[in-house]
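Text of run.txt (compact mmCIF, C-alpha atoms) as supplied:
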# COMPACT_ATOMS: atom_id res chain seq x y z
CA MET A 1 0.00 0.00 0.00
CA SER A 2 1.30 3.49 -0.90
CA ASN A 3 2.39 5.81 1.90
CA TRP A 4 0.04 8.67 0.99
CA LYS A 5 1.61 11.17 3.38
CA LEU A 6 4.67 11.25 1.09
CA HIS A 7 2.66 12.32 -1.97
CA THR A 8 0.50 15.22 -3.13
CA PRO A 9 -2.99 14.59 -4.53
CA ASN A 10 -3.57 14.60 -8.28
CA GLY A 11 -3.63 18.11 -9.74
CA VAL A 12 -1.63 19.94 -7.07
CA ASN A 13 2.12 20.59 -6.86
CA ASP A 14 4.85 21.68 -4.49
CA ILE A 15 6.81 24.68 -5.77
CA LEU A 16 10.50 24.72 -4.83
CA PRO A 17 12.54 27.92 -4.21
CA GLU A 18 13.84 28.70 -7.72
CA GLU A 19 10.49 28.16 -9.40
CA CYS A 20 8.71 29.95 -6.58
CA THR A 21 11.01 32.97 -7.00
CA LEU A 22 10.12 33.13 -10.69
CA LYS A 23 6.40 32.74 -9.88
CA LYS A 24 6.50 35.64 -7.43
CA GLU A 25 8.37 37.80 -9.96
CA ILE A 26 5.69 37.09 -12.57
CA GLU A 27 2.91 37.91 -10.10
CA SER A 28 4.66 41.14 -9.09
CA GLU A 29 5.14 42.26 -12.72
CA ILE A 30 1.49 41.58 -13.53
CA TRP A 31 0.39 43.41 -10.37
CA SER A 32 2.51 46.44 -11.31
CA VAL A 33 0.90 46.71 -14.75
CA PHE A 34 -2.66 46.31 -13.47
CA SER A 35 -2.16 48.78 -10.63
CA SER A 36 -0.70 51.30 -13.10
CA PHE A 37 -4.10 51.24 -14.86
CA GLY A 38 -5.77 52.29 -11.60
CA TYR A 39 -6.87 48.85 -10.35
CA ARG A 40 -6.81 48.26 -6.59
CA GLU A 41 -6.16 44.89 -4.98
CA VAL A 42 -8.88 42.94 -3.19
CA GLU A 43 -9.09 39.50 -1.59
CA THR A 44 -12.06 37.16 -1.43
CA PRO A 45 -12.44 34.01 0.72
CA SER A 46 -10.88 30.75 -0.45
CA PHE A 47 -14.29 29.11 0.01
CA GLU A 48 -17.86 30.36 -0.37
CA TYR A 49 -21.37 29.06 0.10
CA TYR A 50 -22.26 26.76 -2.78
CA ASP A 51 -25.25 29.03 -3.49
CA CYS A 52 -22.85 31.71 -4.73
CA TYR A 53 -21.96 29.55 -7.75
CA GLU A 54 -25.12 27.48 -8.16
CA GLY A 55 -26.68 27.67 -11.61
CA LEU A 56 -23.77 29.34 -13.42
CA GLY A 57 -23.23 26.28 -15.63
CA GLY A 58 -20.50 25.91 -18.22
CA GLN A 59 -17.01 25.34 -16.86
CA ILE A 60 -18.21 26.16 -13.36
CA SER A 61 -20.75 23.38 -13.10
CA GLN A 62 -21.28 21.66 -9.78
CA GLU A 63 -19.24 18.70 -11.05
CA THR A 64 -16.11 20.89 -11.26
CA MET A 65 -16.37 22.25 -7.70
CA PHE A 66 -14.71 20.91 -4.55
CA LYS A 67 -17.64 20.80 -2.11
CA PHE A 68 -17.79 20.15 1.61
CA PHE A 69 -19.99 20.98 4.62
CA ASP A 70 -19.68 23.43 7.49
CA GLU A 71 -20.55 22.51 11.06
CA GLN A 72 -24.22 23.35 10.45
CA GLY A 73 -24.51 21.17 7.36
CA ARG A 74 -24.49 23.98 4.78
CA ILE A 75 -22.67 23.25 1.51
CA LEU A 76 -19.44 25.15 0.93
CA THR A 77 -17.18 25.11 -2.12
CA LEU A 78 -13.57 26.02 -2.69
CA ARG A 79 -13.37 29.09 -4.93
CA PRO A 80 -13.61 27.83 -8.57
CA ASP A 81 -13.08 31.31 -10.00
CA PHE A 82 -12.57 34.89 -8.82
CA THR A 83 -15.08 36.72 -10.99
CA THR A 84 -18.17 35.37 -9.22
CA SER A 85 -16.68 36.02 -5.76
CA ILE A 86 -15.77 39.59 -6.71
CA ALA A 87 -19.22 40.16 -8.22
CA ARG A 88 -20.74 39.06 -4.89
CA MET A 89 -18.34 41.30 -2.96
CA ALA A 90 -18.95 44.34 -5.16
CA SER A 91 -22.74 43.88 -5.01
CA THR A 92 -22.86 43.53 -1.23
CA LYS A 93 -19.88 45.49 0.15
CA ALA A 94 -19.13 48.27 -2.37
CA THR A 95 -22.59 49.72 -3.05
CA SER A 96 -21.54 53.22 -1.94
CA GLU A 97 -18.38 53.37 -4.09
CA THR A 98 -18.38 55.47 -7.24
CA SER A 99 -18.49 53.47 -10.47
CA PRO A 100 -16.64 52.16 -12.30
CA LEU A 101 -14.95 49.91 -9.76
CA ARG A 102 -11.49 48.66 -10.74
CA TYR A 103 -10.33 45.61 -8.79
CA LEU A 104 -7.28 43.40 -9.17
CA TYR A 105 -6.52 40.08 -7.50
CA THR A 106 -4.01 37.24 -7.28
CA GLY A 107 -4.67 33.88 -5.68
CA SER A 108 -5.53 30.21 -6.04
CA VAL A 109 -8.66 28.78 -7.61
CA PHE A 110 -9.75 25.15 -7.34
CA ARG A 111 -11.52 22.98 -9.90
CA VAL A 112 -12.09 19.25 -10.30
CA GLU A 113 -10.29 18.88 -13.63
CA GLN A 114 -8.98 15.90 -15.53
CA THR A 115 -5.25 16.29 -14.91
CA GLN A 116 -3.85 15.34 -18.31
CA GLY A 117 -1.58 17.86 -20.00
CA ALA A 118 -1.23 21.24 -18.31
CA ARG A 119 -4.48 21.12 -16.34
CA GLN A 120 -4.25 21.42 -12.57
CA ARG A 121 -6.82 21.32 -9.80
CA GLU A 122 -5.26 24.20 -7.89
CA PHE A 123 -3.80 27.02 -9.94
CA THR A 124 -2.98 30.69 -9.51
CA GLN A 125 -4.77 33.47 -11.35
CA SER A 126 -3.93 37.18 -11.53
CA GLY A 127 -6.67 39.30 -12.97
CA ILE A 128 -8.78 42.43 -13.02
CA GLU A 129 -12.50 43.21 -12.97
CA LEU A 130 -13.95 46.52 -14.23
CA ILE A 131 -17.45 46.87 -12.78
CA GLY A 132 -20.03 49.56 -13.54
CA SER A 133 -19.56 50.31 -17.24
CA TYR A 134 -21.24 49.07 -20.44
CA SER A 135 -18.87 51.06 -22.66
CA PRO A 136 -16.68 49.33 -25.27
CA SER A 137 -13.88 51.47 -23.80
CA ALA A 138 -14.08 49.28 -20.69
CA ASP A 139 -13.63 46.08 -22.72
CA ALA A 140 -10.71 47.63 -24.62
CA GLU A 141 -9.05 48.77 -21.39
CA VAL A 142 -9.23 45.32 -19.79
CA ILE A 143 -7.90 43.59 -22.92
CA ALA A 144 -5.12 46.18 -23.34
CA ALA A 145 -4.10 45.85 -19.66
CA ALA A 146 -3.89 42.06 -20.06
CA MET A 147 -1.68 42.39 -23.15
CA GLU A 148 0.60 44.90 -21.40
CA ALA A 149 0.93 42.49 -18.46
CA ILE A 150 1.82 39.61 -20.79
CA MET A 151 4.48 41.74 -22.47
CA ALA A 152 5.79 42.91 -19.08
CA VAL A 153 6.65 39.34 -18.04
CA GLY A 154 8.69 38.89 -21.22
CA ILE A 155 6.33 37.24 -23.71
CA GLU A 156 6.72 39.02 -27.03
CA GLU A 157 4.88 36.69 -29.42
CA PHE A 158 1.23 36.06 -28.61
CA SER A 159 -2.24 36.38 -30.11
CA MET A 160 -5.30 37.86 -28.40
CA GLU A 161 -8.41 36.36 -29.99
CA ILE A 162 -11.69 38.21 -29.44
CA GLY A 163 -15.23 36.96 -30.03
CA GLN A 164 -18.78 38.18 -29.33
CA ILE A 165 -21.34 35.99 -27.57
CA ALA A 166 -24.17 38.48 -28.25
CA PHE A 167 -23.58 38.16 -32.01
CA PHE A 168 -24.13 34.40 -31.78
CA ASN A 169 -27.17 34.92 -29.53
CA GLY A 170 -28.68 37.23 -32.14
CA LEU A 171 -28.23 34.58 -34.82
CA MET A 172 -29.89 32.00 -32.57
CA GLU A 173 -32.90 34.31 -32.14
CA GLN A 174 -33.34 34.13 -35.91
CA THR A 175 -33.13 30.33 -36.02
CA GLY A 176 -35.98 29.75 -33.58
CA LEU A 177 -34.07 26.83 -32.03
CA GLU A 178 -34.76 25.70 -28.44
CA ALA A 179 -32.03 25.89 -25.81
CA PRO A 180 -30.82 22.25 -26.10
CA GLU A 181 -30.39 22.58 -29.87
CA ILE A 182 -28.67 25.95 -29.48
CA GLU A 183 -26.18 24.39 -27.06
CA LYS A 184 -25.56 21.51 -29.46
CA LEU A 185 -24.93 23.98 -32.32
CA ARG A 186 -22.68 26.10 -30.10
CA GLU A 187 -20.58 23.02 -29.34
CA ARG A 188 -20.33 22.16 -33.04
CA ILE A 189 -19.21 25.69 -33.91
CA ASP A 190 -16.73 25.89 -31.03
CA SER A 191 -15.16 22.57 -32.12
CA LYS A 192 -15.27 23.59 -35.83
CA ASP A 193 -17.38 20.54 -36.71
CA SER A 194 -18.53 21.57 -40.20
CA VAL A 195 -20.55 18.39 -40.82
CA GLY A 196 -22.36 18.71 -37.49
CA ILE A 197 -23.14 22.39 -38.11
CA LYS A 198 -24.56 21.68 -41.56
CA THR A 199 -26.67 18.81 -40.24
CA ILE A 200 -28.41 21.22 -37.87
CA THR A 201 -28.67 24.23 -40.22
CA ASP A 202 -30.10 22.18 -43.11
CA LYS A 203 -33.27 21.76 -41.04
CA LEU A 204 -33.67 25.50 -40.43
CA ASP A 205 -36.29 27.54 -42.26
CA ILE A 206 -34.33 30.80 -42.40
CA ASP A 207 -32.77 33.05 -45.05
CA ASP A 208 -29.88 31.44 -46.88
CA SER A 209 -27.65 34.43 -46.01
CA ILE A 210 -28.09 33.75 -42.27
CA LYS A 211 -27.80 29.98 -42.73
CA ASN A 212 -24.54 30.41 -44.64
CA LEU A 213 -23.25 32.83 -42.03
CA ILE A 214 -23.81 30.25 -39.28
CA ILE A 215 -22.00 27.60 -41.35
CA GLU A 216 -19.10 30.00 -41.90
CA LEU A 217 -18.81 31.08 -38.22
CA PRO A 218 -15.89 28.77 -37.34
CA TYR A 219 -13.85 30.36 -40.14
CA LEU A 220 -14.68 34.02 -39.49
CA PHE A 221 -11.23 34.71 -38.07
CA GLY A 222 -8.79 37.52 -38.77
CA GLY A 223 -8.67 41.31 -38.83
CA ASN A 224 -10.95 44.05 -40.07
CA GLU A 225 -12.08 41.93 -43.05
CA VAL A 226 -14.09 39.69 -40.70
CA PHE A 227 -16.61 42.48 -40.11
CA GLU A 228 -17.28 42.85 -43.83
CA LYS A 229 -18.23 39.16 -44.04
CA ALA A 230 -20.24 39.20 -40.80
CA TYR A 231 -22.58 42.06 -41.75
CA ALA A 232 -24.72 39.68 -43.81
CA GLU A 233 -28.02 40.61 -45.41
CA GLY A 234 -30.97 39.98 -43.11
CA LEU A 235 -28.97 40.24 -39.86
CA ASN A 236 -31.21 41.16 -36.92
CA GLU A 237 -30.69 44.13 -34.62
CA THR A 238 -29.17 42.07 -31.77
CA SER A 239 -26.37 40.79 -33.96
CA LYS A 240 -25.82 44.18 -35.64
CA ILE A 241 -25.40 45.94 -32.28
CA ALA A 242 -23.02 43.18 -31.12
CA LEU A 243 -20.90 43.57 -34.27
CA ASP A 244 -20.85 47.37 -33.90
CA ASN A 245 -19.67 46.91 -30.31
CA LEU A 246 -16.93 44.47 -31.28
CA LYS A 247 -15.77 46.66 -34.15
CA ARG A 248 -15.44 49.65 -31.81
CA ILE A 249 -13.41 47.59 -29.32
CA TYR A 250 -11.14 46.47 -32.15
CA GLU A 251 -10.67 50.09 -33.26
CA LEU A 252 -9.78 51.14 -29.71
CA LEU A 253 -7.24 48.33 -29.35
CA CYS A 254 -5.64 49.48 -32.60
CA LEU A 255 -5.39 52.98 -31.07
CA TYR A 256 -3.70 51.39 -28.03
CA GLY A 257 -1.11 50.08 -30.51
CA PHE A 258 -2.01 46.38 -30.27
CA GLU A 259 -3.35 45.79 -33.80
CA LYS A 260 -0.73 43.15 -34.68
CA TYR A 261 -1.61 41.09 -31.59
CA VAL A 262 -5.41 41.11 -31.98
CA SER A 263 -7.55 38.72 -34.07
CA ILE A 264 -11.31 38.65 -34.34
CA ASP A 265 -12.79 35.15 -33.94
CA LEU A 266 -16.59 34.98 -34.27
CA GLY A 267 -16.46 31.19 -33.96
CA MET A 268 -15.09 31.34 -30.40
CA LEU A 269 -18.03 30.61 -28.10
CA GLU A 270 -17.15 30.33 -24.41
CA SER A 271 -19.10 27.86 -22.30
CA ILE A 272 -19.29 29.84 -19.04
CA ASP A 273 -22.91 30.97 -19.10
CA TYR A 274 -22.43 34.35 -17.47
CA TYR A 275 -20.63 35.88 -20.48
CA THR A 276 -22.96 38.24 -22.37
CA GLY A 277 -20.77 40.14 -24.86
CA THR A 278 -17.10 40.12 -25.75
CA ILE A 279 -15.03 37.07 -24.89
CA PHE A 280 -11.29 36.79 -25.40
CA LYS A 281 -8.41 34.35 -25.03
CA CYS A 282 -4.68 34.82 -25.41
CA TYR A 283 -2.33 32.17 -26.80
CA THR A 284 1.44 31.93 -27.09
CA HIS A 285 4.01 29.37 -28.25
CA GLY A 286 4.70 26.35 -26.07
CA VAL A 287 1.31 26.08 -24.34
CA GLY A 288 -1.73 24.32 -25.77
CA PHE A 289 -4.09 26.25 -23.52
CA PRO A 290 -4.87 29.99 -23.29
CA ILE A 291 -2.54 31.91 -20.96
CA CYS A 292 -5.33 34.34 -20.19
CA ALA A 293 -9.07 34.58 -20.81
CA GLY A 294 -11.97 36.83 -19.97
CA GLY A 295 -15.08 38.58 -21.18
CA ARG A 296 -18.10 40.74 -20.44
CA TYR A 297 -20.62 39.45 -17.87
CA ASP A 298 -23.39 42.06 -17.60
CA ASN A 299 -25.95 39.69 -16.04
CA LEU A 300 -23.80 38.31 -13.24
CA MET A 301 -23.96 41.36 -10.96
CA GLY A 302 -27.74 41.27 -11.07
CA GLN A 303 -27.73 37.79 -9.55
CA PHE A 304 -26.38 39.40 -6.38
CA GLY A 305 -28.91 42.25 -6.38
CA SER A 306 -26.84 45.02 -8.01
CA PRO A 307 -27.19 45.01 -11.83
CA LYS A 308 -24.16 46.60 -13.48
CA GLY A 309 -22.13 46.17 -16.63
CA ALA A 310 -18.86 44.38 -15.98
CA VAL A 311 -15.86 42.94 -17.81
CA GLY A 312 -12.78 41.09 -16.54
CA VAL A 313 -9.76 38.99 -17.42
CA ALA A 314 -7.73 36.32 -15.61
CA ILE A 315 -4.13 35.43 -16.41
CA GLY A 316 -3.00 31.87 -15.67
CA VAL A 317 0.20 32.34 -13.68
CA ASN A 318 1.10 28.64 -13.74
CA ARG A 319 0.82 28.57 -17.52
CA LEU A 320 3.07 31.63 -17.78
CA LEU A 321 5.47 29.82 -15.47
CA SER A 322 5.74 26.90 -17.91
CA VAL A 323 6.36 29.31 -20.80
CA LEU A 324 8.98 31.30 -18.89
CA SER A 325 10.69 28.38 -17.12
CA ASP A 326 14.04 29.23 -18.77
CA ARG A 327 13.98 32.87 -17.68
CA ASP A 328 16.72 33.91 -15.25
CA THR A 329 15.37 35.11 -11.92
CA GLN A 330 16.55 38.37 -10.43
CA THR A 331 18.61 37.05 -7.55
CA ILE A 332 20.51 39.20 -5.08
CA GLY A 333 23.89 37.86 -3.96
CA ALA A 334 23.74 36.37 -0.47
CA SER A 335 26.40 36.43 2.26
CA LEU A 336 27.21 33.79 4.87
CA VAL A 337 28.36 34.70 8.38
CA PHE A 338 30.53 32.07 10.11
CA ALA A 339 31.05 32.77 13.80
CA GLU A 340 33.92 31.05 15.59
CA LYS A 341 33.20 29.71 19.08
CA ASN A 342 32.24 32.53 21.49
CA ALA A 343 31.84 35.00 18.58
CA GLU A 344 28.14 34.39 17.95
CA GLY A 345 27.03 37.75 19.39
CA ILE A 346 29.37 39.67 17.08
CA GLY A 347 28.19 37.52 14.15
CA TYR A 348 24.55 38.26 14.89
CA ASP A 349 25.34 42.00 15.10
CA ILE A 350 27.08 41.95 11.69
CA ALA A 351 24.23 39.94 10.11
CA TYR A 352 21.62 42.34 11.51
CA ASN A 353 23.41 45.42 10.20
CA LEU A 354 23.80 43.90 6.75
CA ARG A 355 20.13 42.91 6.61
CA VAL A 356 18.84 46.37 7.52
CA ASN A 357 20.98 47.69 4.65
CA GLY A 358 19.28 45.41 2.13
CA CYS A 359 21.57 42.36 2.08
CA LEU A 360 20.55 38.72 2.14
CA VAL A 361 22.49 37.10 4.99
CA GLU A 362 22.57 33.54 6.29
CA MET A 363 24.11 32.49 9.59
CA TYR A 364 26.05 29.22 9.30
CA ILE A 365 24.55 26.77 11.79
CA GLY A 366 26.27 23.57 10.66
CA GLY A 367 28.96 23.40 13.37
CA ASP A 368 32.42 24.79 14.18
CA ASP A 369 34.36 23.57 11.14
CA TYR A 370 35.18 26.49 8.83
CA THR A 371 36.08 24.17 5.92
CA ASP A 372 32.59 22.66 6.04
CA ALA A 373 31.11 26.16 6.08
CA GLU A 374 33.10 27.14 3.00
CA GLU A 375 31.97 24.05 1.12
CA TYR A 376 28.39 24.85 2.10
CA ALA A 377 28.81 28.43 0.79
CA LYS A 378 30.11 27.20 -2.57
CA SER A 379 27.29 24.68 -2.93
CA ARG A 380 24.73 27.45 -2.36
CA ASN A 381 26.45 29.99 -4.68
CA ILE A 382 27.05 32.34 -1.76
CA SER A 383 28.72 35.59 -2.88
CA ALA A 384 30.85 36.18 0.21
CA MET A 385 31.72 34.67 3.59
CA LEU A 386 32.30 36.72 6.72
CA ARG A 387 34.36 34.82 9.32
CA VAL A 388 34.21 36.51 12.71
CA PHE A 389 36.45 35.76 15.72
CA PRO A 390 35.85 36.33 19.46
CA ASP A 391 38.39 39.21 19.56
CA GLY A 392 36.45 41.03 16.81
CA LYS A 393 38.73 40.11 13.93
CA LEU A 394 36.81 39.71 10.67
CA ILE A 395 37.93 37.96 7.49
CA ILE A 396 35.79 38.61 4.41
CA LYS A 397 36.14 36.16 1.55
CA ASP A 398 34.65 37.44 -1.73
CA PHE A 399 34.10 34.40 -3.96
CA ALA A 400 33.11 36.42 -7.03
CA ARG A 401 36.28 38.56 -6.99
CA GLU A 402 38.46 35.85 -5.45
CA GLN A 403 39.62 38.33 -2.83
CA GLU A 404 40.13 38.04 0.92
CA THR A 405 40.10 41.07 3.23
CA GLU A 406 41.03 41.20 6.92
CA THR A 407 39.53 43.88 9.14
CA THR A 408 37.64 44.14 12.44
CA ALA A 409 33.96 44.00 13.15
CA ASN A 410 33.98 47.58 14.49
CA GLU A 411 35.72 48.91 11.40
CA PHE A 412 33.42 46.95 9.11
CA LEU A 413 30.30 48.28 10.81
CA GLY A 414 31.64 51.80 11.16
CA TYR A 415 33.21 52.67 7.84
CA ASN A 416 30.13 52.30 5.63
CA ASP A 417 29.67 55.81 4.28
CA VAL A 418 26.09 56.86 3.77
CA ASP A 419 25.15 59.45 1.23
CA GLU A 420 21.90 60.54 -0.27
CA CYS A 421 21.21 61.13 -3.94
CA ASP A 422 18.35 62.93 -5.60
CA CYS A 423 16.16 59.82 -5.47
CA GLY A 424 15.91 60.13 -1.70
CA HIS A 425 17.36 56.68 -0.91
CA GLU A 426 20.40 55.93 1.18
CA HIS A 427 23.31 54.23 -0.60
CA HIS A 428 26.09 52.41 1.26
CA HIS A 429 29.57 52.20 -0.24
CA ASP A 430 32.94 50.60 0.42
CA CYS A 431 31.42 47.37 1.73
CA ASP A 432 33.16 44.05 0.99
CA CYS A 433 30.26 41.81 2.02
CA GLY A 434 29.64 40.73 -1.59
CA CYS A 435 26.05 41.93 -1.69
CA GLU A 436 24.58 44.56 -3.96
CA HIS A 437 23.35 47.68 -2.13
Would you give me this structure, written as structure tokens?
Amino acid sequence: MSNWKLHTPNGVNDILPEECTLKKEIESEIWSVFSSFGYREVETPSFEYYDCYEGLGGQISQETMFKFFDEQGRILTLRPDFTTSIARMASTKATSETSPLRYLYTGSVFRVEQTQGARQREFTQSGIELIGSYSPSADAEVIAAAMEAIMAVGIEEFSMEIGQIAFFNGLMEQTGLEAPEIEKLRERIDSKDSVGIKTITDKLDIDDSIKNLIIELPYLFGGNEVFEKAYAEGLNETSKIALDNLKRIYELLCLYGFEKYVSIDLGMLESIDYYTGTIFKCYTHGVGFPICAGGRYDNLMGQFGSPKGAVGVAIGVNRLLSVLSDRDTQTIGASLVFAEKNAEGIGYDIAYNLRVNGCLVEMYIGGDDYTDAEEYAKSRNISAMLRVFPDGKLIIKDFAREQETETTANEFLGYNDVDECDCGHEHHHDCDCGCEH
């Protein structure tokens, strides 16, 4: 029998220091971009009442949620996405704030996924939600912020594909199909099943121009030329308004300077039921799944008693991590303090002073053998060792420069000159600890 305490469950991973450093850098870079657009960070609970997510359908069906009970028997679920939690929070806790609300978040979400390929059951998302606007400018801002964040982490080649759920809904109004048939057709279009699409449309008593448009939906992909094909004769008002909206968003993204990254895809039909307008996904080389996705969800806020237009995007941090696994992390050189017997107090004093000046400092705790300490330092790529003696003598060994300096603890702590430049920060010079100040 397996010893389960030595393993992690399917779909979750441990993240070791080097990978974790890169992950935190990615999260920080994304946060910096989103906050520069005026978004403020919020946190929602890791678990909610099941009622918060009940009935949303699509990818957030009850089968994909981790459910459990509280002490009173009420059903709880681990957070399967942030958007619904933030919609609940904004509807119940931010009613007096001036719209639009701009929120950003980073954290784990949990879904019962099949774990083949890159899918995980716990994964990190960084995203934004813009709540309180129906304007296409809001959609363009969210999409542009996502693309700036992707570029900020170092991804230069990517494609942001944008669709319009309301355009498809308008076409379905013209078909007269019932909900089950509409869902079947949506699945055929989303999977580009031409035979399946034609099997359904052949039975429809509608204008040939609309029938042909539905058949062509999976292939309406590209730039401005897509709109010319989509404005078919006989198109109803719902679909026309949706196309006008999408065209304006595309124009705004071109003004942002992102024209070469954006593609219109009218055959992209997301399965999360709360999307009502634009939907978008971003792809890059090396990952078979989108690295970010989002859309407009104007009906979701109303489910919590505060109807408002809203649009958001979530970036998959773990997927970015797999793309950027070869990127060098921004490491600061660390120092190691080795205190001879009865010199621990002096060693602690030196370590403290270095830390308050921005250095990374380890105390060697492996014993009294200096040779062992030096081997440890080399194995950890330590920049410099500081060997302190009970009488205050200090030997600094700089591995990078291959230099050794002898001084005293008092001189070392006292001769750091401090000056101030125009930036308002203190800069310390003439230090041989091996760290960067």
- Give me the residues within 12 Å of Val226 of chain A as a PyMOL selection string, counting all atoms listed in the file and dropping any in the same chain fewer than 6 places off. chain A and resi 162-163+213+216-220+232+243+246-247+250+263-267
- Query: Of the candidates A:Val12, A:Ala145, A:Ala314, A:Ile86, which one gets nearest to Glu113 of chain A if we count all atoms listed in the file?
  - Reply: A:Val12
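You can rank A:Tyr297, A:Tyr53, A:Tyr370, A:Phe289 by their closest distance to Tyr134 of chain A using all atoms listed in the file, and at the top of that list sits A:Tyr297.
Straight-line separation from atom CA of Ile210 of chain A to atom CA of Ile279 of chain A: 22.0 Å.
Residues lying within 10 Å of (-20.1, 35.5, -9.3). Counted over all atoms listed in the file, they are A:Cys52, A:Tyr53, A:Glu54, A:Leu56, A:Asp81, A:Phe82, A:Thr83, A:Thr84, A:Ser85, A:Ile86, A:Ala87, A:Arg88, A:Met89, A:Ala90, A:Ser91, A:Tyr274, A:Tyr297, A:Asn299, A:Leu300, A:Met301, A:Gly302, A:Gln303, A:Phe304.
Minimum distance to Tyr39 of chain A across A:Lys24, A:Glu156, A:Ser108, A:Gly312 (counting all atoms listed in the file) occurs at A:Gly312.
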With all atoms listed in the file counted, which protein, DNA or RNA residues have an atom no more than 12 Å from (-12.5, 42.7, -15.0) in the file frame? Please answer as a PDB file with C-alpha atoms, in the frame of the given file.
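Saved the output as part_17.pdb:
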ATOM      1  CA  PHE A  34      -2.660  46.310 -13.470  1.00  0.00           C
ATOM      2  CA  PHE A  37      -4.100  51.240 -14.860  1.00  0.00           C
ATOM      3  CA  TYR A  39      -6.870  48.850 -10.350  1.00  0.00           C
ATOM      4  CA  ARG A  40      -6.810  48.260  -6.590  1.00  0.00           C
ATOM      5  CA  PHE A  82     -12.570  34.890  -8.820  1.00  0.00           C
ATOM      6  CA  THR A  83     -15.080  36.720 -10.990  1.00  0.00           C
ATOM      7  CA  THR A  84     -18.170  35.370  -9.220  1.00  0.00           C
ATOM      8  CA  ILE A  86     -15.770  39.590  -6.710  1.00  0.00           C
ATOM      9  CA  ALA A  87     -19.220  40.160  -8.220  1.00  0.00           C
ATOM     10  CA  ALA A  90     -18.950  44.340  -5.160  1.00  0.00           C
ATOM     11  CA  PRO A 100     -16.640  52.160 -12.300  1.00  0.00           C
ATOM     12  CA  LEU A 101     -14.950  49.910  -9.760  1.00  0.00           C
ATOM     13  CA  ARG A 102     -11.490  48.660 -10.740  1.00  0.00           C
ATOM     14  CA  TYR A 103     -10.330  45.610  -8.790  1.00  0.00           C
ATOM     15  CA  LEU A 104      -7.280  43.400  -9.170  1.00  0.00           C
ATOM     16  CA  TYR A 105      -6.520  40.080  -7.500  1.00  0.00           C
ATOM     17  CA  SER A 126      -3.930  37.180 -11.530  1.00  0.00           C
ATOM     18  CA  GLY A 127      -6.670  39.300 -12.970  1.00  0.00           C
ATOM     19  CA  ILE A 128      -8.780  42.430 -13.020  1.00  0.00           C
ATOM     20  CA  GLU A 129     -12.500  43.210 -12.970  1.00  0.00           C
ATOM     21  CA  LEU A 130     -13.950  46.520 -14.230  1.00  0.00           C
ATOM     22  CA  ILE A 131     -17.450  46.870 -12.780  1.00  0.00           C
ATOM     23  CA  GLY A 132     -20.030  49.560 -13.540  1.00  0.00           C
ATOM     24  CA  SER A 133     -19.560  50.310 -17.240  1.00  0.00           C
ATOM     25  CA  ALA A 138     -14.080  49.280 -20.690  1.00  0.00           C
ATOM     26  CA  ASP A 139     -13.630  46.080 -22.720  1.00  0.00           C
ATOM     27  CA  ALA A 140     -10.710  47.630 -24.620  1.00  0.00           C
ATOM     28  CA  GLU A 141      -9.050  48.770 -21.390  1.00  0.00           C
ATOM     29  CA  VAL A 142      -9.230  45.320 -19.790  1.00  0.00           C
ATOM     30  CA  ILE A 143      -7.900  43.590 -22.920  1.00  0.00           C
ATOM     31  CA  ALA A 144      -5.120  46.180 -23.340  1.00  0.00           C
ATOM     32  CA  ALA A 145      -4.100  45.850 -19.660  1.00  0.00           C
ATOM     33  CA  ALA A 146      -3.890  42.060 -20.060  1.00  0.00           C
ATOM     34  CA  TYR A 275     -20.630  35.880 -20.480  1.00  0.00           C
ATOM     35  CA  THR A 278     -17.100  40.120 -25.750  1.00  0.00           C
ATOM     36  CA  ILE A 279     -15.030  37.070 -24.890  1.00  0.00           C
ATOM     37  CA  ALA A 293      -9.070  34.580 -20.810  1.00  0.00           C
ATOM     38  CA  GLY A 294     -11.970  36.830 -19.970  1.00  0.00           C
ATOM     39  CA  GLY A 295     -15.080  38.580 -21.180  1.00  0.00           C
ATOM     40  CA  ARG A 296     -18.100  40.740 -20.440  1.00  0.00           C
ATOM     41  CA  TYR A 297     -20.620  39.450 -17.870  1.00  0.00           C
ATOM     42  CA  ASP A 298     -23.390  42.060 -17.600  1.00  0.00           C
ATOM     43  CA  GLY A 309     -22.130  46.170 -16.630  1.00  0.00           C
ATOM     44  CA  ALA A 310     -18.860  44.380 -15.980  1.00  0.00           C
ATOM     45  CA  VAL A 311     -15.860  42.940 -17.810  1.00  0.00           C
ATOM     46  CA  GLY A 312     -12.780  41.090 -16.540  1.00  0.00           C
ATOM     47  CA  VAL A 313      -9.760  38.990 -17.420  1.00  0.00           C
ATOM     48  CA  ALA A 314      -7.730  36.320 -15.610  1.00  0.00           C
ATOM     49  CA  ILE A 315      -4.130  35.430 -16.410  1.00  0.00           C
TER      50      ILE A 315
END
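From atom CA of Glu48 of chain A back to atom CA of Ala149 of chain A, the distance works out to 28.8 Å.
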- Message: Please determine, counting all atoms listed in the file, which residue among A:Asn13, A:Ser61, A:Ser137, A:Thr98 has the shortest atom-to-atom distance to Pro80 of chain A.
- Response: A:Ser61
- Could you name the residues that touch Val33 of chain A at 8 Å or less, counting all atoms listed in the file, but leaving out those on the same chain fewer than 2 positions away, as a PyMOL selection string? chain A and resi 29-31+35-37+145+148-149+152
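What separates atom CA of Gly392 of chain A from atom CA of Lys341 of chain A is a distance of 12.0 Å.
Compared by their closest atoms to Ile75 of chain A, and using all atoms listed in the file, the residues A:Asp51, A:Glu43, A:Asp349, A:Glu97 rank with A:Asp51 nearest.
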- Item | Counting only C-alpha atoms, the residue of A:Thr77, A:Ser335, A:Asp208, A:Val361 that sits nearest Ile382 of chain A | A:Ser335
